[in-house]
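query32.txt (compact mmCIF, C-alpha atoms) appears below.
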# COMPACT_ATOMS: atom_id res chain seq x y z
CA MET A 1 -32.93 -17.01 -52.92
CA THR A 2 -29.65 -15.81 -51.44
CA THR A 3 -26.67 -18.04 -50.90
CA ARG A 4 -25.51 -18.30 -47.29
CA PRO A 5 -21.85 -17.31 -46.87
CA ASP A 6 -19.41 -20.11 -46.29
CA PRO A 7 -19.73 -20.87 -42.56
CA ASP A 8 -15.96 -20.98 -42.18
CA ARG A 9 -15.74 -17.48 -43.60
CA LYS A 10 -18.39 -16.41 -41.14
CA ILE A 11 -16.38 -17.88 -38.29
CA ALA A 12 -13.23 -16.09 -39.48
CA ALA A 13 -15.09 -12.83 -39.93
CA TRP A 14 -16.60 -13.10 -36.47
CA LEU A 15 -13.16 -13.70 -34.93
CA HIS A 16 -11.74 -10.67 -36.74
CA ASP A 17 -14.61 -8.55 -35.50
CA GLU A 18 -14.14 -9.79 -31.96
CA ALA A 19 -10.38 -9.18 -31.88
CA PRO A 20 -9.39 -5.86 -30.36
CA ASP A 21 -7.19 -3.56 -32.45
CA HIS A 22 -4.69 -2.83 -29.71
CA ALA A 23 -3.64 -4.07 -26.35
CA PRO A 24 -4.51 -1.70 -23.52
CA SER A 25 -1.55 0.57 -22.82
CA ASP A 26 -1.23 -0.74 -19.28
CA VAL A 27 -0.44 -4.22 -20.65
CA LEU A 28 2.65 -2.85 -22.39
CA GLU A 29 3.71 -0.82 -19.36
CA ALA A 30 3.15 -3.64 -16.89
CA SER A 31 5.04 -6.05 -19.14
CA ARG A 32 7.96 -3.65 -19.35
CA GLU A 33 8.06 -3.29 -15.59
CA ARG A 34 8.03 -7.04 -15.04
CA VAL A 35 10.69 -7.65 -17.70
CA GLU A 36 12.86 -4.99 -16.10
CA LYS A 37 12.83 -6.97 -12.85
CA THR A 38 13.45 -10.32 -14.49
CA ARG A 39 16.80 -11.93 -15.09
CA GLN A 40 17.38 -14.10 -18.09
CA ARG A 41 17.92 -17.78 -17.48
CA ARG A 42 21.17 -19.41 -18.22
CA SER A 43 21.39 -20.77 -21.69
CA TRP A 44 21.33 -24.52 -21.95
CA TRP A 45 23.69 -24.26 -24.89
CA PRO A 46 26.35 -23.31 -24.26
CA ALA A 47 25.67 -23.65 -20.57
CA ARG A 48 27.79 -20.73 -19.57
CA ARG A 49 25.51 -17.93 -18.62
CA GLY A 50 24.89 -16.67 -15.11
CA THR A 51 22.06 -18.58 -13.50
CA GLN A 52 19.65 -18.27 -10.66
CA MET A 53 21.28 -20.25 -7.92
CA SER A 54 19.57 -23.57 -7.39
CA THR A 55 18.92 -25.06 -3.99
CA TYR A 56 21.68 -27.55 -4.61
CA THR A 57 24.12 -24.81 -5.49
CA LYS A 58 23.12 -22.79 -2.45
CA LEU A 59 23.77 -25.79 -0.23
CA ALA A 60 27.09 -26.41 -1.94
CA ALA A 61 28.02 -22.75 -1.56
CA ALA A 62 27.07 -22.83 2.09
CA ALA A 63 29.15 -25.95 2.62
CA ALA A 64 32.09 -24.37 0.84
CA THR A 65 31.71 -21.24 2.93
CA VAL A 66 31.76 -23.25 6.14
CA LEU A 67 34.84 -25.07 4.93
CA VAL A 68 36.62 -21.85 4.02
CA ILE A 69 35.67 -20.19 7.28
CA THR A 70 37.00 -23.20 9.14
CA VAL A 71 40.24 -23.43 7.18
CA GLY A 72 40.68 -19.71 6.59
CA GLY A 73 39.59 -18.77 10.09
CA THR A 74 42.10 -21.11 11.61
CA ALA A 75 44.83 -19.65 9.44
CA PHE A 76 43.67 -16.16 10.34
CA MET A 77 43.90 -16.96 14.03
CA LEU A 78 47.42 -18.16 13.43
CA GLY A 79 48.22 -14.96 11.53
CA GLY A 80 48.54 -16.69 8.19
CA ILE A 81 45.86 -15.39 5.84
CA GLY A 82 44.44 -12.31 7.47
CA GLY A 83 41.68 -10.29 5.89
CA GLN A 84 42.99 -10.91 2.40
CA PRO A 85 42.67 -13.97 0.26
CA SER A 86 45.61 -16.28 0.69
CA PRO A 87 48.98 -14.77 -0.28
CA GLN A 88 50.24 -18.29 -0.90
CA PRO A 89 53.04 -18.47 1.61
CA THR A 90 53.41 -22.14 0.91
CA THR A 91 53.04 -22.10 -2.83
CA GLY A 92 55.77 -19.63 -3.64
CA GLY A 93 55.50 -16.91 -6.20
CA ALA A 94 51.75 -16.51 -6.16
CA PRO A 95 50.79 -12.86 -6.43
CA GLN A 96 49.32 -11.01 -3.49
CA THR A 97 45.58 -10.84 -3.68
CA GLN A 98 43.90 -7.46 -3.86
CA GLN A 99 40.37 -6.88 -2.70
CA PRO A 100 37.79 -6.19 -5.35
CA THR A 101 39.21 -4.63 -8.44
CA ALA A 102 37.35 -7.01 -10.71
CA PRO A 103 33.57 -6.89 -11.03
CA ASP A 104 31.82 -7.38 -7.73
CA ALA A 105 29.34 -10.14 -8.48
CA THR A 106 28.52 -10.77 -4.86
CA GLY A 107 25.86 -8.09 -4.76
CA GLY A 108 27.88 -6.05 -2.30
CA ASP A 109 28.54 -8.84 0.17
CA VAL A 110 31.86 -8.77 1.97
CA LEU A 111 34.26 -11.34 0.59
CA LEU A 112 35.44 -13.96 3.02
CA PRO A 113 39.10 -14.90 3.41
CA GLY A 114 40.02 -16.97 0.39
CA GLU A 115 36.89 -15.93 -1.44
CA PHE A 116 36.81 -14.31 -4.87
CA THR A 117 34.47 -13.50 -7.69
CA ALA A 118 35.27 -13.72 -11.36
CA CYS A 119 33.88 -12.46 -14.62
CA VAL A 120 34.21 -14.19 -17.97
CA PRO A 121 33.02 -12.19 -20.97
CA ARG A 122 31.55 -13.89 -24.03
CA ASN A 123 34.79 -15.32 -25.33
CA ALA A 124 35.42 -16.53 -28.82
CA GLU A 125 34.86 -20.12 -29.83
CA SER A 126 38.28 -21.67 -30.23
CA LYS A 127 37.14 -25.06 -31.44
CA ALA A 128 33.89 -25.99 -33.09
CA GLY A 129 32.45 -29.23 -31.87
CA THR A 130 29.87 -31.53 -33.32
CA THR A 131 26.16 -31.96 -32.82
CA GLU A 132 24.33 -35.17 -33.66
CA THR A 133 20.64 -35.81 -33.32
CA GLU A 134 19.13 -39.24 -32.85
CA VAL A 135 15.47 -40.16 -32.58
CA ILE A 136 14.95 -43.23 -30.40
CA PRO A 137 11.53 -44.86 -30.81
CA GLY A 138 9.89 -45.98 -27.60
CA PRO A 139 6.61 -47.50 -26.47
CA ASP A 140 5.44 -44.14 -25.13
CA GLY A 141 6.62 -42.18 -28.13
CA ASP A 142 9.88 -41.03 -29.63
CA LEU A 143 12.75 -39.57 -27.68
CA THR A 144 15.02 -37.15 -29.48
CA VAL A 145 18.58 -37.04 -28.19
CA GLU A 146 20.93 -34.31 -29.28
CA ARG A 147 24.56 -34.94 -28.47
CA THR A 148 26.88 -31.94 -28.54
CA ARG A 149 30.57 -32.64 -28.17
CA GLY A 150 33.86 -30.85 -28.16
CA PHE A 151 32.99 -27.15 -28.25
CA THR A 152 35.61 -24.97 -26.58
CA TRP A 153 35.95 -21.27 -25.96
CA SER A 154 38.91 -19.22 -24.83
CA GLY A 155 39.58 -15.64 -23.85
CA SER A 156 39.99 -13.38 -20.88
CA ILE A 157 38.89 -13.74 -17.29
CA SER A 158 39.13 -11.09 -14.58
CA ALA A 159 38.76 -11.82 -10.90
CA THR A 160 38.95 -10.10 -7.54
CA ASP A 161 41.80 -12.49 -6.84
CA PRO A 162 44.55 -12.00 -9.46
CA ARG A 163 45.45 -15.65 -9.24
CA PHE A 164 42.30 -16.16 -11.34
CA SER A 165 42.82 -13.31 -13.80
CA GLY A 166 44.33 -14.40 -17.08
CA THR A 167 43.18 -16.69 -19.84
CA HIS A 168 40.08 -18.82 -19.44
CA TYR A 169 39.38 -21.98 -21.42
CA THR A 170 36.04 -23.78 -21.32
CA SER A 171 35.04 -27.03 -22.94
CA TRP A 172 31.45 -28.11 -23.12
CA ASP A 173 29.71 -31.41 -23.87
CA GLY A 174 26.02 -31.98 -23.43
CA ASN A 175 23.07 -34.20 -24.17
CA GLY A 176 19.65 -32.70 -24.79
CA TYR A 177 16.55 -34.85 -24.50
CA THR A 178 13.17 -34.04 -25.94
CA ALA A 179 10.15 -36.27 -25.51
CA GLY A 180 8.28 -36.83 -28.73
CA ALA A 181 9.35 -36.53 -32.30
CA ALA A 182 12.02 -34.08 -33.28
CA ASP A 183 10.29 -30.79 -32.68
CA PRO A 184 12.25 -27.70 -33.60
CA TYR A 185 10.44 -25.61 -31.01
CA ALA A 186 10.15 -28.02 -28.12
CA GLN A 187 13.84 -28.16 -27.41
CA VAL A 188 14.19 -24.59 -26.41
CA VAL A 189 11.13 -24.81 -24.20
CA ASP A 190 10.94 -28.37 -23.00
CA GLY A 191 14.50 -29.59 -23.33
CA PHE A 192 15.95 -31.64 -20.54
CA GLY A 193 19.69 -31.65 -20.68
CA THR A 194 22.78 -33.00 -19.00
CA TRP A 195 26.14 -31.42 -19.52
CA ALA A 196 29.76 -31.37 -18.46
CA GLU A 197 32.01 -28.32 -18.47
CA GLY A 198 35.76 -28.24 -18.27
CA HIS A 199 37.54 -25.11 -17.02
CA ARG A 200 41.16 -24.06 -17.17
CA ILE A 201 42.48 -20.71 -16.03
CA GLU A 202 46.06 -19.82 -16.91
CA THR A 203 48.13 -17.01 -15.44
CA ALA A 204 51.81 -16.17 -15.66
CA GLU A 205 52.45 -18.06 -12.41
CA GLY A 206 50.38 -21.18 -12.85
CA ALA A 207 47.03 -22.60 -13.72
CA TRP A 208 43.78 -23.99 -12.35
CA ALA A 209 41.97 -26.86 -14.00
CA GLY A 210 38.83 -28.79 -13.18
CA SER A 211 35.31 -29.53 -14.22
CA THR A 212 31.68 -29.60 -13.26
CA VAL A 213 28.52 -31.36 -14.37
CA GLY A 214 24.91 -30.31 -14.29
CA ILE A 215 21.43 -30.81 -15.55
CA THR A 216 18.89 -28.48 -17.05
CA LEU A 217 15.35 -29.30 -16.01
CA PRO A 218 12.36 -28.85 -18.31
CA ASP A 219 11.33 -25.66 -16.51
CA GLY A 220 14.71 -24.14 -17.37
CA THR A 221 16.23 -24.50 -13.93
CA ASN A 222 19.89 -25.41 -13.94
CA GLU A 223 21.26 -27.66 -11.25
CA ALA A 224 25.03 -27.41 -11.39
CA ALA A 225 27.59 -29.00 -9.14
CA PRO A 226 30.35 -26.64 -8.00
CA ALA A 227 33.46 -26.85 -10.14
CA VAL A 228 36.55 -28.06 -8.32
CA LEU A 229 39.75 -26.60 -9.76
CA THR A 230 43.16 -27.97 -8.88
CA GLY A 231 46.10 -25.60 -8.69
CA GLU A 232 49.16 -26.07 -10.85
CA GLY A 233 52.54 -24.34 -10.90
CA ALA A 234 52.62 -21.65 -8.24
CA TYR A 235 49.20 -22.79 -7.08
CA GLN A 236 50.23 -26.39 -6.51
CA GLY A 237 48.60 -27.70 -3.36
CA LEU A 238 45.63 -25.36 -3.57
CA THR A 239 42.07 -26.15 -4.54
CA ALA A 240 39.42 -23.70 -5.71
CA VAL A 241 35.73 -24.44 -5.43
CA THR A 242 33.61 -22.30 -7.72
CA PHE A 243 29.92 -22.01 -8.52
CA PRO A 244 27.97 -19.81 -10.93
CA ILE A 245 26.22 -16.69 -9.71
CA ASP A 246 24.11 -13.99 -11.31
CA GLY A 247 26.14 -11.12 -12.62
CA PRO A 248 26.73 -8.73 -15.47
CA CYS A 249 29.17 -10.95 -17.36
CA PHE A 250 28.49 -13.80 -19.71
CA PHE A 251 29.63 -16.18 -17.01
CA ASP A 252 29.99 -14.99 -13.42
CA PHE A 253 31.19 -17.20 -10.66
CA ARG A 254 32.18 -17.07 -7.06
CA GLY A 255 34.88 -19.20 -5.57
CA PHE A 256 36.88 -20.12 -2.53
CA VAL A 257 40.50 -21.13 -2.30
CA ILE A 258 41.24 -23.95 0.07
CA GLU A 259 44.76 -24.88 1.07
CA VAL A 260 44.34 -28.55 0.47
CA PRO A 261 45.41 -30.57 -2.52
CA GLU A 262 42.69 -32.05 -4.66
CA PRO A 263 41.34 -34.60 -4.54
CA PRO A 264 41.58 -35.40 -0.85
CA VAL A 265 42.30 -39.07 -0.40
CA PRO A 266 40.30 -40.78 2.34
CA TYR A 267 42.04 -43.17 4.67
CA THR A 268 41.01 -46.69 3.76
CA GLY A 269 43.18 -48.65 6.13
CA ASP A 270 41.98 -50.77 8.99
CA VAL B 271 17.97 -3.58 -37.72
CA THR B 272 16.15 -6.75 -38.73
CA ARG B 273 13.86 -8.64 -36.38
CA SER B 274 16.33 -11.53 -36.27
CA GLU B 275 19.10 -9.14 -35.29
CA LEU B 276 16.91 -7.69 -32.54
CA VAL B 277 16.27 -11.21 -31.29
CA ARG B 278 20.01 -11.91 -31.27
CA GLN B 279 20.69 -8.75 -29.32
CA ALA B 280 17.89 -9.45 -26.85
CA ARG B 281 19.17 -12.99 -26.46
CA GLU B 282 22.48 -11.50 -25.36
CA GLY B 283 20.66 -9.53 -22.68
CA ASP B 284 20.01 -6.26 -24.55
CA ARG B 285 16.88 -4.93 -22.86
CA ASP B 286 16.43 -2.12 -25.38
CA ALA B 287 16.31 -4.61 -28.23
CA TYR B 288 13.78 -6.67 -26.32
CA ASP B 289 11.68 -3.60 -25.70
CA VAL B 290 11.39 -3.11 -29.46
CA LEU B 291 10.32 -6.73 -29.90
CA LEU B 292 7.89 -6.45 -27.02
CA THR B 293 6.32 -3.29 -28.43
CA GLU B 294 5.99 -4.84 -31.88
CA SER B 295 4.44 -8.04 -30.55
CA VAL B 296 2.10 -7.00 -27.77
CA ASP B 297 -0.96 -6.09 -29.87
CA ALA B 298 -0.97 -9.32 -31.86
CA MET B 299 -0.42 -11.33 -28.68
CA TYR B 300 -3.23 -9.56 -26.91
CA ARG B 301 -5.62 -10.20 -29.79
CA ILE B 302 -4.91 -13.94 -29.63
CA ALA B 303 -5.19 -14.05 -25.84
CA ARG B 304 -8.35 -11.98 -25.79
CA LEU B 305 -10.02 -14.18 -28.40
CA ILE B 306 -9.15 -17.43 -26.65
CA LEU B 307 -9.74 -16.33 -23.07
CA ARG B 308 -12.64 -13.96 -23.80
CA ASP B 309 -11.75 -11.86 -20.80
CA TYR B 310 -9.80 -8.61 -20.75
CA ASP B 311 -8.02 -9.08 -17.45
CA SER B 312 -7.08 -12.70 -18.08
CA ALA B 313 -5.79 -11.82 -21.55
CA ALA B 314 -3.70 -9.00 -20.12
CA ASP B 315 -2.24 -11.30 -17.48
CA ALA B 316 -1.46 -14.02 -20.03
CA VAL B 317 0.32 -11.60 -22.36
CA GLN B 318 2.40 -10.14 -19.54
CA GLU B 319 3.36 -13.58 -18.36
CA ALA B 320 4.29 -14.70 -21.87
CA LEU B 321 6.46 -11.64 -22.45
CA VAL B 322 8.27 -12.19 -19.16
CA ARG B 323 8.82 -15.89 -19.86
CA CYS B 324 10.05 -15.03 -23.33
CA TRP B 325 12.65 -12.60 -21.96
CA ARG B 326 13.67 -15.03 -19.22
CA ASP B 327 14.18 -17.97 -21.58
CA LEU B 328 15.42 -16.10 -24.64
CA PRO B 329 19.06 -17.18 -24.18
CA ARG B 330 17.83 -20.72 -24.78
CA LEU B 331 16.45 -19.92 -28.22
CA ARG B 332 19.07 -21.03 -30.66
CA GLU B 333 17.56 -19.88 -33.93
CA PRO B 334 16.39 -16.25 -33.94
CA ASP B 335 14.37 -16.86 -37.11
CA ARG B 336 12.05 -19.05 -35.08
CA PHE B 337 11.35 -16.34 -32.56
CA ASP B 338 7.77 -15.60 -33.59
CA ALA B 339 6.68 -19.22 -33.64
CA TRP B 340 8.44 -19.74 -30.31
CA LEU B 341 6.73 -16.70 -28.83
CA ASN B 342 3.35 -17.99 -29.99
CA ARG B 343 4.01 -21.25 -28.22
CA ILE B 344 4.96 -19.47 -25.02
CA LEU B 345 1.79 -17.41 -25.34
CA VAL B 346 -0.37 -20.51 -25.76
CA ARG B 347 1.13 -21.96 -22.59
CA ALA B 348 0.56 -18.75 -20.69
CA ILE B 349 -3.03 -18.68 -21.93
CA THR B 350 -3.57 -22.27 -20.82
CA ASP B 351 -2.07 -21.53 -17.41
CA GLU B 352 -4.18 -18.40 -17.05
CA SER B 353 -7.28 -20.34 -18.01
CA ARG B 354 -6.57 -22.88 -15.26
CA ARG B 355 -6.04 -20.12 -12.73
CA ARG B 356 -9.24 -18.44 -13.79
CA ARG B 357 -11.16 -21.71 -13.55
CA ARG B 358 -9.96 -22.09 -9.98
CA ARG B 359 -11.04 -18.55 -9.20
CA LEU B 360 -14.45 -19.06 -10.82
CA SER B 361 -15.00 -22.28 -8.91
CA LEU B 362 -14.90 -20.21 -5.75
CA ALA B 363 -17.09 -17.45 -7.07
CA VAL B 364 -20.66 -17.19 -8.29
CA VAL B 365 -20.67 -17.95 -11.99
CA PRO B 366 -22.55 -15.19 -13.79
CA ILE B 367 -25.66 -16.18 -15.71
CA THR B 368 -25.20 -15.52 -19.40
CA SER B 369 -27.88 -13.83 -21.39
CA GLN B 370 -30.09 -15.66 -23.83
CA PRO B 371 -29.09 -15.45 -27.48
CA ASP B 372 -30.41 -12.59 -29.50
CA ALA B 373 -32.01 -14.39 -32.45
CA SER B 374 -33.99 -11.46 -33.64
CA GLY B 375 -31.65 -9.85 -36.13
CA ALA B 376 -28.20 -9.49 -37.59
CA LEU B 377 -26.58 -10.15 -34.25
CA ALA B 378 -28.01 -13.63 -34.03
CA ASP B 379 -25.09 -15.35 -35.75
CA ARG B 380 -22.58 -13.50 -33.61
CA ASP B 381 -24.42 -14.32 -30.42
CA GLU B 382 -24.70 -17.94 -31.30
CA LEU B 383 -21.03 -18.16 -32.34
CA ALA B 384 -20.00 -16.44 -29.13
CA ARG B 385 -22.16 -18.77 -27.08
CA VAL B 386 -20.82 -21.96 -28.68
CA PHE B 387 -17.24 -20.71 -28.83
CA GLY B 388 -17.39 -19.83 -25.15
CA ARG B 389 -18.46 -23.37 -24.33
CA LEU B 390 -15.51 -24.93 -26.15
CA SER B 391 -12.51 -25.98 -24.10
CA ILE B 392 -9.49 -23.71 -24.07
CA GLU B 393 -7.66 -26.21 -26.29
CA HIS B 394 -10.45 -26.17 -28.89
CA ARG B 395 -10.66 -22.39 -28.82
CA THR B 396 -6.91 -22.20 -29.33
CA ILE B 397 -6.94 -24.31 -32.48
CA VAL B 398 -9.93 -22.35 -33.81
CA VAL B 399 -8.08 -19.05 -33.36
CA PHE B 400 -4.85 -20.31 -34.90
CA HIS B 401 -6.67 -21.82 -37.89
CA HIS B 402 -9.64 -19.53 -38.56
CA TYR B 403 -8.17 -16.26 -37.31
CA LEU B 404 -4.44 -16.52 -37.99
CA GLY B 405 -4.98 -18.63 -41.10
CA MET B 406 -2.64 -21.44 -40.15
CA SER B 407 -3.11 -24.93 -41.53
CA ALA B 408 -3.73 -27.69 -39.01
CA ASP B 409 -0.12 -28.81 -39.48
CA GLU B 410 1.26 -25.33 -38.84
CA ALA B 411 -0.99 -24.82 -35.85
CA ALA B 412 0.05 -28.19 -34.42
CA THR B 413 3.72 -27.26 -34.68
CA THR B 414 3.19 -23.84 -33.15
CA ILE B 415 0.98 -25.02 -30.32
CA GLY B 416 3.16 -28.06 -29.70
CA ILE B 417 0.67 -30.87 -30.17
CA PRO B 418 0.59 -33.83 -32.56
CA VAL B 419 -0.89 -33.07 -35.98
CA GLY B 420 -3.59 -35.71 -35.46
CA THR B 421 -4.67 -34.08 -32.23
CA ALA B 422 -4.76 -30.68 -33.91
CA LYS B 423 -6.90 -32.00 -36.76
CA SER B 424 -9.24 -33.77 -34.38
CA ARG B 425 -9.69 -30.67 -32.21
CA LEU B 426 -10.15 -28.46 -35.23
CA HIS B 427 -12.76 -30.79 -36.71
CA TYR B 428 -14.73 -30.97 -33.48
CA ALA B 429 -14.62 -27.24 -32.81
CA THR B 430 -15.40 -26.20 -36.37
CA GLU B 431 -18.34 -28.61 -36.53
CA ALA B 432 -19.70 -27.17 -33.31
CA LEU B 433 -19.45 -23.64 -34.68
CA ARG B 434 -20.97 -24.64 -38.02
CA ALA B 435 -23.80 -26.36 -36.19
CA ALA B 436 -24.38 -23.15 -34.23
CA LEU B 437 -24.70 -21.22 -37.48
CA ASP B 438 -27.00 -23.85 -38.96
CA ALA B 439 -29.20 -23.86 -35.88
CA ASP B 440 -29.38 -20.11 -35.97
CA ALA B 441 -30.27 -20.20 -39.65
CA ARG B 442 -33.12 -22.65 -38.92
CA VAL B 443 -34.45 -20.43 -36.16
CA THR B 444 -34.29 -17.34 -38.38
CA THR B 445 -35.87 -19.15 -41.32
CA GLY B 446 -38.60 -20.54 -39.10
CA ARG B 447 -39.41 -17.08 -37.79
CA VAL B 448 -39.50 -15.61 -41.27
CA SER B 449 -41.75 -18.36 -42.61
CA ALA B 450 -44.02 -18.38 -39.59

Would you write out, as C-alpha cells, the structure that this file holds?
Amino acid sequence: MTTRPDPDRKIAAWLHDEAPDHAPSDVLEASRERVEKTRQRRSWWPARRGTQMSTYTKLAAAAATVLVITVGGTAFMLGGIGGQPSPQPTTGGAPQTQQPTAPDATGGDVLLPGEFTACVPRNAESKAGTTETEVIPGPDGDLTVERTRGFTWSGSISATDPRFSGTHYTSWDGNGYTAGAADPYAQVVDGFGTWAEGHRIETAEGAWAGSTVGITLPDGTNEAAPAVLTGEGAYQGLTAVTFPIDGPCFFDFRGFVIEVPEPPVPYTGD
Amino acid sequence: VTRSELVRQAREGDRDAYDVLLTESVDAMYRIARLILRDYDSAADAVQEALVRCWRDLPRLREPDRFDAWLNRILVRAITDESRRRRRRLSLAVVPITSQPDASGALADRDELARVFGRLSIEHRTIVVFHHYLGMSADEAATTIGIPVGTAKSRLHYATEALRAALDADARVTTGRVSA
C-alpha cells in the first residue's frame, strides 16, 4: 500500500508546474512602452509634485485666463502692459519681465500678458513637522486618520517672470483617511486626503504669499484650488493666481499676475 | 544599488531605475497573473496594467522597503479588473466547451485540479496562489491582497477544501477503475 502525498503538497506542486518560467518578451516591451508614455501622479505627501490637471483646475485656469485677458488686454489697449508681463508701472521698482528664460512648462504655448511659469526643484526640508495616527472605531469599521502638521521646505524657484525667481518657502499640513484598520499598504493606494499648502516667494524687491487647499481622491486624482498669492513690497497691489501643471521640476506651476489687491472686497452697502 | 535605492530613484521619476525594477519583477508577476487568470492574453494585460499603475503611483509610496508587497497588491487589483473585463467579453461571446477530465492516467489529478481551480472565483484563486504557490500564510496573504484576515482564512478554507475534494474524487475514480 502506498501513501498518497499530502493533498496540499499536490496542489502546490501542480501550481508550480502550471506557472510559466518567463513572461513573454512582448509583455516586457509593451509595459516599457506604456510606462514611457505615462506620467507619475503627484505625491499625496508632500503634495508638491506636478499633477495631471483636474477638471476643477482646468476650469479655474480658464477663469483666470479670461480674467487676465480682460485686465491685461485692457491695459494692452491702453499701452500699459504690452506683449510682456507687467513691468509694474504702479508698483515701483519691480524688475522688467523677460519672456521665457526659465523652464517652459506650458508645453510650448505662448504666454499671455501677465502669465508666467515657474519651476521649483526638490528643495530641502527646513522644518520637520509631526505625524500622528488615530484609529477611530465606527459602526461600519475603523477609520484611520493620519494628521501631518508643520512640515516646511525652502530653496530656489526660477520663473519666466523674474518677479517670481528667488527663494521659495512651502508649508504643508494634511489629513489622510483610510477606511478600515490601520493598513500599512492601503494608505498609499486607497488614501483619501485633504491638505493645505502655504507658499511664499521672496525676491530682492518684495515677496508673494498665499495658500491653497486640495483633496486627493482614492484613485489618486488631486483636486487643488488655485493658490492666490498677494504681493508685498514692490509687488504691493498685485495678486498672482497660480495652479500646478505637469513639468520637469518637482513642482511646476503656471500663474497670472492681476493688478488688483487681494482679497477684493465686495460692496455690501445698500 | 539596492532594490530599495532603485525604488527611491524611481519614486523620484528616474525611468532607468524603474526599468530595472520592471525587468526584475515582470516574470514573477506574470506567473501569478497567469495562474490566477489562466489565460495568456489576460495575464499579459494585467501585468502591463499593474506595471503602469505602479509607475504612475510610485511617488505615493512612502516606504521603499514595502515596494514588493505594494506591487503585489497593485497586481491583484489589476488581475481582478482584468477578470471583470474578460467576464464582460465572454458574456458576449460563445463560451467554449471544456473537455472532459482525463481520468485514465497520471494526468488525472492535474486535470481535476485544473477543472476545479478554474471554477473557483477569482478571489478564491488569488488566495490559493498566494498561499499554496507563494507560500504566504493566510495573515500575510490577507495583508498583501488587502482583505481582512478572517475573509482570507474563509476563502482559503473553501478553496482548499474544493481542491482537496477534487483530488479525493479523482482518487476514488482511479481506485474504482483499478479494483474493477

| task | Within 12 Å of Glu29 of chain A, counting only C-alpha atoms, which residues show up once you throw out same-chain ones fewer than 4 positions away? Write them as a PyMOL selection string, please. | result | (chain A and resi 23-25+33-36) or (chain B and resi 289+292-293+296+314+317-318+321)

| request: Mind checking which residues fall within 12 Å of Thr230 of chain A, counting only C-alpha atoms, ignoring those fewer than 2 positions away in the same chain, and posting them as a ChimeraX atom specification? | output: /A:198-202,206-211,227-228,232-242,256-264

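Taking atom CA of Arg323 of chain B as the reference point, atom CA of Pro248 of chain A is found at 19.8 Å.
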
| task | Please return, as a PyMOL selection string, all residues of chain B lying within 8 Å of chain A when all atoms listed in the file are considered. | result | chain B and resi 283+285+289+292-293+296-298+300-302+304-305+314-315+317-319+321-322+325-332+336+339-340+380+383+399+402-403+413-414+416+430+433-434+437

| task | Enter the distance from atom CA of Ser295 of chain B to atom CA of Met406 of chain B, in Å, rounded to one decimal. | result | 17.9 Å

| field | Shell around segment 347-356 of chain B at 7 Å using only C-alpha atoms, local window under 3 positions removed, as a PyMOL selection string | value | chain B and resi 303+307+312+316+319-320+343-344+359-360+392

| field | Nearby residues (all atoms listed in the file) at most 8 Å from segment 168-174 of chain A, same-chain spacing under 5 positions excluded, as a list in words | value | Pro46, Ala47, Val120, Arg147, Thr148, Arg149, Gly150, Phe151, Thr152, Trp153, Ser154, Gly155, Ser156, Ile157, Gly193, Thr194, Trp195, Ala196, Glu197, Gly198, His199, Arg200, Ile201 and Glu202 of chain A

| request: Using atom CA of Ala412 of chain B and atom CA of Asp335 of chain B as the two end points, give the distance in Å to one decimal. | output: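 Separation between atom CA of Ala412 of chain B and atom CA of Asp335 of chain B: 18.5 Å.
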
| field | Counting all atoms listed in the file, the option among B:Leu276, B:Val386, B:Leu291, B:Ala378 closest to Ala432 of chain B | value |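 Ranked by minimum distance to Ala432 of chain B, first place goes to B:Val386.
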